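Quick look at entry_19.txt (compact mmCIF, C-alpha atoms):
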# COMPACT_ATOMS: atom_id res chain seq x y z
CA MET Z 13 10.38 13.35 5.76
CA LEU Z 14 8.74 15.96 7.98
CA PRO Z 15 7.65 18.25 5.11
CA HIS Z 16 5.43 15.40 3.97
CA LEU Z 17 3.95 14.61 7.36
CA ASP Z 18 0.64 16.30 6.53
CA ALA Z 19 0.26 14.37 3.29
CA ALA Z 20 1.10 11.17 5.16
CA TYR Z 21 -1.52 11.87 7.82
CA ASN Z 22 -4.15 12.79 5.23
CA LEU Z 23 -3.63 9.52 3.37
CA ALA Z 24 -3.51 7.42 6.55
CA ARG Z 25 -6.69 9.10 7.76
CA TRP Z 26 -8.55 8.49 4.52
CA LEU Z 27 -7.41 4.89 4.32
CA MET Z 28 -8.09 3.97 7.95
CA ARG Z 29 -11.19 6.21 8.36
CA ASP Z 30 -10.44 6.55 12.05
CA GLY Z 31 -8.23 9.05 13.84
CA GLU Z 32 -6.63 6.65 16.27
CA ALA Z 33 -5.92 3.95 13.68
CA ALA Z 34 -4.53 6.62 11.34
CA GLU Z 35 -2.15 7.84 14.04
CA ASP Z 36 -0.91 4.29 14.68
CA VAL Z 37 -0.30 3.79 10.98
CA LEU Z 38 1.42 7.17 10.69
CA GLN Z 39 3.71 6.43 13.65
CA GLU Z 40 4.73 3.09 12.28
CA ALA Z 41 5.19 4.35 8.73
CA MET Z 42 7.30 7.32 9.85
CA VAL Z 43 9.56 5.15 11.97
CA ARG Z 44 9.97 2.82 9.04
CA ALA Z 45 10.62 5.65 6.63
CA LEU Z 46 13.23 7.08 8.98
CA THR Z 47 14.92 3.73 9.41
CA TYR Z 48 15.14 3.10 5.69
CA PHE Z 49 15.58 6.65 4.47
CA ALA Z 50 19.28 5.97 3.89
CA SER Z 51 18.39 3.34 1.30
CA PHE Z 52 15.98 5.64 -0.56
CA LYS Z 53 17.39 6.27 -4.02
CA GLY Z 54 14.45 7.79 -5.88
CA VAL Z 55 13.75 11.40 -6.68
CA ASN Z 56 10.33 11.78 -5.12
CA PRO Z 57 10.46 11.41 -1.33
CA ARG Z 58 6.77 12.27 -0.94
CA ALA Z 59 5.68 9.44 -3.24
CA TRP Z 60 8.08 7.10 -1.46
CA LEU Z 61 6.73 8.06 1.97
CA LEU Z 62 3.11 7.74 0.85
CA GLN Z 63 3.85 4.30 -0.52
CA ILE Z 64 5.16 3.29 2.91
CA VAL Z 65 2.08 4.79 4.59
CA ARG Z 66 -0.12 2.91 2.21
CA ASN Z 67 1.64 -0.42 2.69
CA THR Z 68 1.56 0.05 6.46
CA ALA Z 69 -2.15 0.85 6.33
CA TYR Z 70 -2.85 -2.26 4.28
CA GLY Z 71 -0.82 -4.30 6.74
CA SER Z 72 -2.91 -2.94 9.57
CA MET Z 73 -6.15 -3.55 7.67
CA ALA Z 74 -5.07 -7.11 6.91
CA LEU Z 75 -4.89 -7.75 10.64
CA ASN Z 76 -8.24 -6.15 11.38
CA ARG Z 77 -10.05 -7.50 8.39
CA GLY Z 78 -13.73 -7.96 8.98
CA VAL Z 79 -13.85 -5.78 12.06
CA VAL Z 80 -15.03 -2.60 10.36
CA THR Z 81 -17.24 -2.83 7.32
CA VAL Z 82 -18.99 0.11 5.78
CA PRO Z 83 -21.65 -0.36 3.12
CA ILE Z 84 -21.50 1.73 -0.03
CA THR Z 85 -25.08 2.75 0.42
CA GLY Z 86 -27.16 2.72 3.52
CA GLU Z 87 -29.73 4.65 5.46
CA SER Z 88 -27.34 5.85 8.13
CA ASP Z 89 -24.79 7.78 6.08
CA GLU Z 90 -25.00 10.65 8.53
CA ALA Z 91 -24.20 8.34 11.42
CA ILE Z 92 -21.28 6.87 9.53
CA ALA Z 93 -20.07 10.37 8.77
CA ALA Z 94 -20.23 11.32 12.43
CA GLU Z 95 -18.42 8.21 13.50
CA LEU Z 96 -15.83 7.92 10.80
CA VAL Z 97 -14.78 11.36 9.85
CA SER Z 98 -15.30 13.65 12.78
CA GLY Z 99 -14.53 11.28 15.64
CA ASP Z 100 -11.70 13.11 17.29
CA ASP Z 101 -11.35 16.23 15.18
CA ASP Z 102 -10.86 19.58 16.74
CA PRO Z 103 -14.44 20.55 17.73
CA GLU Z 104 -14.02 24.11 16.50
CA ALA Z 105 -12.95 22.92 13.07
CA ALA Z 106 -15.85 20.50 13.02
CA LEU Z 107 -18.26 23.35 13.68
CA LEU Z 108 -16.85 25.43 10.88
CA ARG Z 109 -16.97 22.61 8.39
CA SER Z 110 -19.98 22.90 6.24
CA ARG Z 111 -22.66 20.30 6.16
CA GLU Z 112 -21.97 19.72 2.50
CA SER Z 113 -18.31 18.93 3.07
CA ARG Z 114 -19.35 16.50 5.78
CA GLN Z 115 -21.67 14.74 3.40
CA VAL Z 116 -19.04 14.50 0.69
CA ARG Z 117 -16.52 13.18 3.22
CA ALA Z 118 -18.95 10.45 4.19
CA LEU Z 119 -19.48 9.52 0.56
CA ILE Z 120 -15.73 9.28 -0.06
CA ALA Z 121 -15.23 7.33 3.16
CA ALA Z 122 -17.83 4.84 1.96
CA LEU Z 123 -15.97 4.06 -1.28
CA PRO Z 124 -14.11 0.73 -1.44
CA VAL Z 125 -10.58 1.24 -0.19
CA GLU Z 126 -8.81 0.75 -3.53
CA LEU Z 127 -11.03 3.38 -5.16
CA ARG Z 128 -10.66 5.67 -2.16
CA GLU Z 129 -6.88 5.63 -2.15
CA THR Z 130 -6.70 6.29 -5.90
CA LEU Z 131 -9.08 9.25 -5.59
CA VAL Z 132 -7.25 10.68 -2.57
CA LEU Z 133 -3.82 10.46 -4.21
CA ARG Z 134 -5.16 12.10 -7.37
CA GLU Z 135 -7.35 14.84 -5.88
CA PHE Z 136 -5.54 15.77 -2.67
CA GLU Z 137 -1.93 14.98 -3.50
CA GLU Z 138 -2.33 15.73 -7.22
CA PHE Z 139 -0.31 12.67 -8.13
CA SER Z 140 0.01 11.87 -11.83
CA TYR Z 141 -1.36 8.55 -13.04
CA LYS Z 142 2.20 7.26 -13.16
CA GLU Z 143 2.88 8.30 -9.56
CA ILE Z 144 -0.35 6.67 -8.40
CA ALA Z 145 0.56 3.51 -10.29
CA GLU Z 146 3.92 3.40 -8.53
CA ALA Z 147 2.62 4.24 -5.08
CA THR Z 148 -0.14 1.63 -5.28
CA GLN Z 149 1.84 -0.96 -7.28
CA THR Z 150 -0.97 -1.10 -9.83
CA PRO Z 151 -0.92 -0.88 -13.65
CA ILE Z 152 -1.82 2.57 -15.05
CA GLY Z 153 -4.87 1.15 -16.85
CA THR Z 154 -6.23 -0.05 -13.52
CA VAL Z 155 -5.51 3.33 -11.95
CA MET Z 156 -7.55 5.00 -14.69
CA SER Z 157 -10.52 2.67 -14.33
CA ARG Z 158 -10.43 2.92 -10.52
CA LEU Z 159 -10.46 6.71 -10.72
CA TRP Z 160 -13.33 6.52 -13.14
CA ARG Z 161 -15.35 4.21 -10.89
CA ALA Z 162 -14.57 6.30 -7.83
CA ARG Z 163 -15.79 9.48 -9.50
CA GLN Z 164 -18.88 7.84 -10.95
CA LEU Z 165 -19.86 6.38 -7.60
CA LEU Z 166 -19.23 9.70 -5.91
CA ALA Z 167 -21.22 11.72 -8.45
CA GLN Z 168 -24.11 9.25 -8.39
CA ALA Z 169 -24.22 9.04 -4.61
CA ALA Z 170 -24.10 12.83 -4.34
CA ALA Z 171 -26.97 13.15 -6.78
CA ALA Z 172 -28.97 10.60 -4.77
CA GLU Z 173 -28.42 12.73 -1.65
CA GLY Z 174 -29.51 15.89 -3.41
CA LEU Z 175 -26.11 17.54 -3.30
CA PRO Z 176 -25.64 20.26 -5.92
CA MET X 12 -25.51 0.76 -7.62
CA SER X 13 -25.68 -2.78 -6.33
CA ASP X 14 -22.84 -3.88 -8.56
CA PRO X 15 -20.51 -0.99 -9.22
CA GLN X 16 -18.33 -3.06 -11.55
CA ASN X 17 -21.12 -3.62 -14.03
CA SER X 18 -23.25 -0.52 -13.79
CA LEU X 19 -20.20 1.64 -14.41
CA MET X 20 -18.84 -0.03 -17.50
CA PRO X 21 -18.33 2.83 -19.89
CA GLY X 22 -20.23 2.60 -23.17
CA CYS X 23 -17.39 4.16 -25.18
CA ASP X 24 -13.74 3.18 -24.97
CA LYS X 25 -12.71 6.84 -25.09
CA VAL X 26 -14.25 7.90 -21.78
CA LEU X 27 -11.05 7.17 -19.87
CA LEU X 28 -9.33 9.58 -22.24
CA VAL X 29 -11.94 12.22 -21.40
CA GLN X 30 -10.96 11.69 -17.80
CA ALA X 31 -7.23 11.74 -18.63
CA GLU X 32 -7.68 15.08 -20.34
CA LEU X 33 -9.36 16.59 -17.29
CA ASP X 34 -6.51 15.22 -15.16
CA GLY X 35 -3.95 16.90 -17.41
CA GLU X 36 -2.54 13.63 -18.67
CA LEU X 37 -2.93 14.25 -22.43
CA ASP X 38 -0.56 16.18 -24.67
CA ALA X 39 -1.90 18.71 -27.18
CA ALA X 40 -2.13 16.27 -30.09
CA GLN X 41 -3.95 13.65 -28.02
CA ALA X 42 -6.31 16.30 -26.66
CA ALA X 43 -7.10 17.54 -30.20
CA ALA X 44 -7.82 13.99 -31.39
CA LEU X 45 -10.10 13.45 -28.42
CA GLU X 46 -11.95 16.72 -29.08
CA ALA X 47 -12.61 15.63 -32.65
CA HIS X 48 -14.14 12.42 -31.36
CA ARG X 49 -16.11 14.01 -28.55
CA VAL X 50 -18.15 16.43 -30.67
CA GLY X 51 -19.89 13.41 -32.18
CA CYS X 52 -20.04 11.15 -29.10
CA PRO X 53 -22.88 11.72 -26.62
CA ILE X 54 -21.40 9.14 -24.23
CA CYS X 55 -18.16 11.08 -23.92
CA GLN X 56 -20.05 14.34 -23.55
CA ALA X 57 -22.10 12.88 -20.71
CA ALA X 58 -18.96 11.44 -19.14
CA GLN X 59 -17.35 14.85 -19.14
CA VAL X 60 -20.35 16.40 -17.40
CA GLU X 61 -20.27 13.73 -14.73
CA LEU X 62 -16.51 14.01 -14.23
CA LEU X 63 -16.75 17.77 -13.83
CA ARG X 64 -19.48 17.25 -11.29
CA ALA X 65 -17.34 14.78 -9.33
CA ARG X 66 -14.45 17.20 -9.44
CA ALA X 67 -16.63 20.05 -8.15
CA LEU X 68 -17.67 17.87 -5.21
CA MET X 69 -14.01 17.48 -4.22
CA ARG X 70 -13.47 21.24 -4.00
CA GLY X 71 -14.78 21.49 -0.45
CA ASP X 72 -12.81 21.37 2.76
CA LEU X 73 -11.93 17.69 2.58
CA TYR X 74 -8.24 17.48 3.42
CA GLN X 75 -7.72 15.67 6.71
CA ALA X 76 -5.68 18.19 8.64
CA MET X 77 -3.48 16.69 11.30
CA PRO X 78 -4.38 17.76 14.85
CA ASP X 79 -1.45 19.46 16.61
CA ALA X 80 -1.47 16.85 19.36
CA VAL X 81 -0.97 14.06 16.82
CA ARG X 82 1.86 15.97 15.17
CA ALA X 83 3.59 16.45 18.51
CA ARG X 84 3.24 12.79 19.41
CA VAL X 85 4.53 11.54 16.07
CA ILE X 86 7.54 13.87 16.05
CA GLY X 87 8.28 13.04 19.70
CA ARG X 88 8.31 9.36 18.88
CA LEU X 89 10.61 9.89 15.90
CA ARG X 90 13.07 11.80 18.07
CA GLN X 91 13.06 8.89 20.50
CA VAL X 92 13.82 6.38 17.79
CA GLU X 93 16.57 8.37 16.13
CA PRO X 94 17.55 11.58 17.91
CA HIS X 95 20.05 12.67 15.26
CA ALA X 96 18.30 11.46 12.15
CA PRO X 97 18.01 13.88 9.26
CA LEU X 98 14.28 14.48 9.16
CA VAL X 99 14.57 16.43 5.96
CA PRO X 100 16.37 14.99 2.95
CA ARG X 101 20.02 15.94 2.69
CA ARG X 102 21.11 17.52 -0.54
CA ARG X 103 21.64 14.60 -2.76
CA TRP X 104 25.18 14.98 -3.96
CA ASP X 105 26.75 16.76 -0.99
CA TRP X 106 28.69 13.69 -0.02
CA LEU X 107 30.39 13.58 -3.41
CA ARG X 108 32.15 16.82 -2.59
CA ALA X 109 34.01 15.27 0.30
CA PRO X 110 37.45 14.78 -1.26
CA SER X 111 38.29 11.58 0.56
CA ILE X 112 35.22 9.84 -0.81
CA GLY X 113 35.67 10.73 -4.45
CA PHE X 114 38.74 8.55 -4.63
CA GLY X 115 37.07 5.35 -3.52
CA LEU X 116 34.06 5.92 -5.72
CA GLY X 117 35.43 4.16 -8.79
CA ALA X 118 36.29 1.08 -6.80
CA ALA X 119 32.88 1.11 -5.12
CA CYS X 120 31.12 1.34 -8.48
CA ALA X 121 33.16 -1.53 -9.85
CA ALA X 122 32.32 -3.63 -6.82
CA ALA X 123 28.62 -2.79 -7.10
CA ILE X 124 28.56 -3.67 -10.78
CA SER X 125 30.29 -6.99 -10.27
CA LEU X 126 27.81 -7.79 -7.48
CA LEU X 127 24.96 -7.10 -9.87
CA ILE X 128 26.48 -9.36 -12.46
CA LEU X 129 27.20 -12.17 -10.04
CA LEU X 130 23.90 -12.11 -8.23
CA PRO X 131 21.18 -11.30 -10.74
CA GLU X 132 18.94 -14.22 -9.84
CA ARG X 133 19.06 -13.55 -6.19
CA ASN X 134 18.11 -9.89 -6.58
CA ASP X 135 15.31 -10.86 -8.90
CA LEU X 136 13.89 -13.44 -6.55
CA VAL X 137 14.15 -11.26 -3.46
CA ASP X 138 12.32 -8.47 -5.31
CA GLN X 139 9.63 -10.94 -6.37
CA ILE X 140 9.24 -12.14 -2.81
CA VAL X 141 8.92 -8.66 -1.34
CA ALA X 142 6.47 -7.64 -4.08
CA ASP X 143 4.39 -10.74 -3.43
CA HIS X 144 4.38 -10.10 0.31
CA ILE X 145 3.17 -6.53 -0.22
CA ARG X 146 0.51 -7.67 -2.67
CA ALA X 147 -0.66 -10.27 -0.18
CA LEU X 148 -1.32 -7.58 2.42
CA GLN X 149 -3.99 -6.05 0.20
CA PRO X 150 -7.60 -6.83 0.96
CA GLY X 151 -8.64 -10.38 0.23
CA HIS X 152 -5.17 -11.66 -0.65
CA LEU X 153 -3.62 -12.71 2.64
CA GLU X 154 -4.87 -16.23 3.19
CA ASP X 155 -6.66 -18.72 0.95
CA VAL X 156 -7.18 -21.05 3.87
CA VAL X 157 -7.77 -19.33 7.19
CA SER X 158 -6.92 -21.51 10.12
CA THR X 159 -4.78 -21.39 13.20
CA ASP X 160 -4.59 -25.18 13.15
CA GLN X 161 -1.57 -26.65 11.37
CA HIS X 162 -3.54 -29.87 10.84
CA THR X 163 -6.04 -27.92 8.73
CA VAL X 164 -3.52 -25.86 6.82
CA LYS X 165 -1.24 -28.75 5.87
CA PRO X 166 -3.88 -30.95 4.15
CA TRP X 167 -5.27 -27.90 2.37
CA PHE X 168 -2.15 -27.86 0.20
CA ASP X 169 -2.72 -31.51 -0.83
CA GLY X 170 -3.75 -31.66 -4.45
CA ARG X 171 -3.05 -27.97 -4.92
CA ILE X 172 0.71 -28.30 -5.18
CA ASP X 173 3.02 -31.21 -5.96
CA PHE X 174 4.82 -31.23 -2.62
CA ALA X 175 3.86 -31.27 1.05
CA PRO X 176 5.20 -28.20 2.83
CA PRO X 177 6.01 -28.60 6.51
CA VAL X 178 3.53 -26.58 8.59
CA LYS X 179 4.29 -25.60 12.17
CA ASP X 180 2.53 -23.38 14.65
CA PHE X 181 4.24 -21.19 17.22
CA ALA X 182 1.24 -19.62 18.93
CA ALA X 183 2.71 -20.41 22.33
CA GLU X 184 5.89 -18.56 21.41
CA GLY X 185 4.05 -15.51 20.11
CA PHE X 186 4.02 -16.32 16.39
CA PRO X 187 0.55 -17.77 15.77
CA LEU X 188 -0.17 -19.39 12.41
CA ARG X 189 -2.97 -17.54 10.59
CA GLY X 190 -3.32 -19.64 7.48
CA GLY X 191 -1.81 -20.35 4.11
CA ARG X 192 -2.11 -19.56 0.44
CA LEU X 193 -0.72 -20.55 -2.93
CA ASP X 194 1.65 -18.23 -4.73
CA TYR X 195 3.82 -18.30 -7.80
CA LEU X 196 7.51 -17.51 -7.40
CA ASP X 197 10.69 -18.34 -9.23
CA GLY X 198 8.63 -19.84 -12.06
CA ARG X 199 6.75 -22.36 -9.92
CA PRO X 200 3.83 -22.64 -7.51
CA VAL X 201 4.93 -22.26 -3.90
CA ALA X 202 3.27 -22.58 -0.50
CA ALA X 203 3.00 -19.41 1.58
CA LEU X 204 2.41 -19.80 5.30
CA VAL X 205 1.08 -16.73 7.07
CA TYR X 206 2.15 -15.98 10.64
CA GLN X 207 1.46 -13.06 12.88
CA ARG X 208 3.71 -11.31 15.36
CA ASP X 209 1.85 -8.64 17.34
CA LYS X 210 0.75 -6.20 14.66
CA HIS X 211 2.92 -7.61 11.90
CA ILE X 212 2.52 -10.32 9.30
CA ILE X 213 5.27 -12.80 8.49
CA ASP X 214 5.03 -14.66 5.19
CA LEU X 215 7.03 -17.87 4.95
CA TYR X 216 7.45 -19.17 1.41
CA VAL X 217 8.30 -22.84 1.00
CA TRP X 218 9.14 -24.93 -2.04
CA PRO X 219 11.35 -27.93 -2.78
CA ALA X 220 15.02 -27.19 -3.17
CA GLY X 221 15.55 -28.73 -6.60
CA GLY X 222 19.06 -29.18 -7.90
CA PRO X 223 22.06 -27.48 -6.45
CA THR X 224 20.80 -24.72 -4.18
CA PRO X 225 23.30 -21.95 -4.00
CA HIS X 226 23.69 -20.73 -0.51
CA LEU X 227 22.44 -17.23 -0.95
CA GLY X 228 23.66 -15.57 2.17
CA SER X 229 21.24 -15.03 4.95
CA ASP X 230 19.34 -11.81 4.80
CA THR X 231 18.50 -8.67 2.92
CA THR X 232 16.40 -5.61 3.50
CA ILE X 233 14.28 -4.16 0.72
CA GLN X 234 11.82 -1.28 1.10
CA GLY X 235 11.84 -1.80 4.83
CA TYR X 236 11.05 -5.51 4.64
CA ASN X 237 13.49 -8.03 6.02
CA VAL X 238 13.99 -11.12 3.91
CA VAL X 239 15.77 -14.21 5.22
CA HIS X 240 16.52 -17.36 3.29
CA TRP X 241 17.61 -20.83 4.34
CA THR X 242 17.32 -24.41 3.14
CA ALA X 243 16.43 -27.40 5.28
CA GLU X 244 14.57 -30.69 4.96
CA GLY X 245 15.06 -30.51 1.19
CA MET X 246 13.05 -27.29 1.03
CA ASN X 247 13.78 -23.66 0.23
CA PHE X 248 12.53 -21.28 2.88
CA TRP X 249 12.10 -17.54 2.47
CA ALA X 250 10.73 -15.50 5.35
CA VAL X 251 9.68 -11.91 4.71
CA SER X 252 8.23 -9.39 7.13
CA ASP X 253 8.41 -5.89 8.51
CA VAL X 254 8.96 -7.16 12.06
CA GLU X 255 12.24 -6.16 13.61
CA HIS X 256 15.22 -8.14 12.53
CA GLY X 257 15.71 -9.75 15.94
CA GLN X 258 12.14 -11.01 16.01
CA LEU X 259 12.37 -12.47 12.54
CA ASP X 260 15.57 -14.25 13.59
CA GLU X 261 13.75 -15.56 16.66
CA PHE X 262 10.96 -16.89 14.44
CA ILE X 263 13.44 -18.62 12.17
CA ALA X 264 15.34 -20.13 15.08
CA LEU X 265 12.03 -21.52 16.41
CA TRP X 266 11.18 -22.92 13.02
CA ARG X 267 14.54 -24.62 12.56
CA ARG X 268 14.50 -26.12 16.07
CA ALA X 269 10.93 -27.42 15.92
CA PRO X 270 10.44 -31.06 14.87
Please, can you express the file's structure as structure tokens?
Amino acid sequence: MLPHLDAAYNLARWLMRDGEAAEDVLQEAMVRALTYFASFKGVNPRAWLLQIVRNTAYGSMALNRGVVTVPITGESDEAIAAELVSGDDDPEAALLRSRESRQVRALIAALPVELRETLVLREFEEFSYKEIAEATQTPIGTVMSRLWRARQLLAQAAAAEGLP
Amino acid sequence: MSDPQNSLMPGCDKVLLVQAELDGELDAAQAAALEAHRVGCPICQAAQVELLRARALMRGDLYQAMPDAVRARVIGRLRQVEPHAPLVPRRRWDWLRAPSIGFGLGAACAAAISLLILLPERNDLVDQIVADHIRALQPGHLEDVVSTDQHTVKPWFDGRIDFAPPVKDFAAEGFPLRGGRLDYLDGRPVAALVYQRDKHIIDLYVWPAGGPTPHLGSDTTIQGYNVVHWTAEGMNFWAVSDVEHGQLDEFIALWRRAP
């Protein structure tokens, strides 16, 4: 499972939008994956692990529902970006990161969670539609329309912010 | 952008194919057919421009790299849980090469097949229950009635289903009731009671035990979720959760003891 630890962290971080919550989810998901690894019979351990991360994250969000809400649009996108995506990052890395990447991160972080996870699995993990459908337990048609909505919202929000 | 559902409805039913092509999901013939359509469709042309723009936005440094401290903590914890666990997958068929195992394999297969034949319903239902539990954890699905008061949850089911599920609260024992919802399992509407144990959710599905209820053994584990079944008071009970086995057993013992 360790070769997929980075992918697991990336997904947990994008779903939870908070470093500490992501670490909790990652811990729990990895322990669970380890415990049940013996019963894993598929051919794609990364997809299997990410499905566990995702279910764990949803479990955690179900408990905290209503505590953190982030509007899709709002005047304080920069503040949200600061709070959500660079909270406990390595300060050096944060300095190097361009302003544009920070803005795009904030826009992705502001997407509704089901659009966000679809986009993250597609763009960062390069999952096929079928793999996304399996990992998110969603029909392929829904995966396609979620991806579409995620990209439209992202492109429109970027245009509104004057990003190239 | 106030209502993303509506403002984003594509004006041509081929735009999702434009997207599928950019994602490498179309074969050559499908791509050629799409190209023939796109030359005459301004909506699809505009969609492609926007999709390329969205893709370009994602090219930046966006991957959430794991801080070394987090990596060390996670791996440390895993070593604590299971010091000798294989943290990388073993080669799949290595065990087949062990000569002593090859012999028993035929018998094991036969046993597994007969189990599948004898217990199809059970496997089906357990899968349904786990799938429903996972679905319920997604945003907005967990509870239809949110209340920690059993006297609110119980009447809520009146008129929604044709039986009155027993509702009990174990807040004092560390399993507070969070609410309830209606679900559909085994071809009928069922009551789902939602409990919480620390950071975990326990779903308890209840419906009348009609006809002869086969005693289905006690528990199963699927995808890391423990599922326990019992019948009492003329009802079927199925508890499913990712809490540790011992805690789920404790919950069930409480439930069965309570009046």
Provide as an mmCIF file with C-alpha atoms, in the frame of the given file the residues of chain Z at most 8 Å from chain X, counting all atoms listed in the file.
data_model
loop_
_atom_site.group_PDB
_atom_site.id
_atom_site.type_symbol
_atom_site.label_atom_id
_atom_site.label_comp_id
_atom_site.auth_asym_id
_atom_site.auth_seq_id
_atom_site.Cartn_x
_atom_site.Cartn_y
_atom_site.Cartn_z
ATOM 1 C CA MET Z 13 10.380 13.350 5.760
ATOM 2 C CA LEU Z 14 8.740 15.960 7.980
ATOM 3 C CA PRO Z 15 7.650 18.250 5.110
ATOM 4 C CA ASP Z 18 0.640 16.300 6.530
ATOM 5 C CA TYR Z 21 -1.520 11.870 7.820
ATOM 6 C CA ASN Z 22 -4.150 12.790 5.230
ATOM 7 C CA ARG Z 25 -6.690 9.100 7.760
ATOM 8 C CA TRP Z 26 -8.550 8.490 4.520
ATOM 9 C CA GLU Z 35 -2.150 7.840 14.040
ATOM 10 C CA LEU Z 38 1.420 7.170 10.690
ATOM 11 C CA GLN Z 39 3.710 6.430 13.650
ATOM 12 C CA MET Z 42 7.300 7.320 9.850
ATOM 13 C CA VAL Z 43 9.560 5.150 11.970
ATOM 14 C CA ARG Z 44 9.970 2.820 9.040
ATOM 15 C CA ALA Z 45 10.620 5.650 6.630
ATOM 16 C CA LEU Z 46 13.230 7.080 8.980
ATOM 17 C CA THR Z 47 14.920 3.730 9.410
ATOM 18 C CA TYR Z 48 15.140 3.100 5.690
ATOM 19 C CA ASN Z 67 1.640 -0.420 2.690
ATOM 20 C CA TYR Z 70 -2.850 -2.260 4.280
ATOM 21 C CA GLY Z 71 -0.820 -4.300 6.740
ATOM 22 C CA SER Z 72 -2.910 -2.940 9.570
ATOM 23 C CA MET Z 73 -6.150 -3.550 7.670
ATOM 24 C CA ALA Z 74 -5.070 -7.110 6.910
ATOM 25 C CA LEU Z 75 -4.890 -7.750 10.640
ATOM 26 C CA ARG Z 77 -10.050 -7.500 8.390
ATOM 27 C CA ASP Z 101 -11.350 16.230 15.180
ATOM 28 C CA ASP Z 102 -10.860 19.580 16.740
ATOM 29 C CA ARG Z 109 -16.970 22.610 8.390
ATOM 30 C CA GLU Z 112 -21.970 19.720 2.500
ATOM 31 C CA SER Z 113 -18.310 18.930 3.070
ATOM 32 C CA VAL Z 116 -19.040 14.500 0.690
ATOM 33 C CA ARG Z 117 -16.520 13.180 3.220
ATOM 34 C CA GLU Z 135 -7.350 14.840 -5.880
ATOM 35 C CA PHE Z 136 -5.540 15.770 -2.670
ATOM 36 C CA SER Z 140 0.010 11.870 -11.830
ATOM 37 C CA TYR Z 141 -1.360 8.550 -13.040
ATOM 38 C CA MET Z 156 -7.550 5.000 -14.690
ATOM 39 C CA SER Z 157 -10.520 2.670 -14.330
ATOM 40 C CA TRP Z 160 -13.330 6.520 -13.140
ATOM 41 C CA ARG Z 161 -15.350 4.210 -10.890
ATOM 42 C CA ARG Z 163 -15.790 9.480 -9.500
ATOM 43 C CA GLN Z 164 -18.880 7.840 -10.950
ATOM 44 C CA LEU Z 165 -19.860 6.380 -7.600
ATOM 45 C CA LEU Z 166 -19.230 9.700 -5.910
ATOM 46 C CA ALA Z 167 -21.220 11.720 -8.450
#
query = Got a sec to check which residues sit within 12 Å of (4.3, -16.3, 6.4), counting only C-alpha atoms, and write them as a PyMOL selection string?
reply = chain X and resi 140-141+143-145+147-148+153-154+178-181+186-194+201-208+211-217+238-239+248-254+259+262-263+266
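Between CA of Ala162 (chain Z) and CA of Ala59 (chain Z) the separation is 21.0 Å.
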message = Could you tell me how far CA of Tyr195 (chain X) sits from CA of Ile144 (chain Z), in Å to one decimal place?
response = 25.3 Å
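What separates CA of Arg158 (chain Z) from CA of Glu126 (chain Z) is a distance of 7.5 Å.
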key: Sel. within 9 Å of pt (-16.9, 13.9, -23.1), counting only C-alpha atoms, output as a VMD selection string   = chain X and resid 25 to 26 28 to 30 45 to 46 48 to 50 52 to 60 62
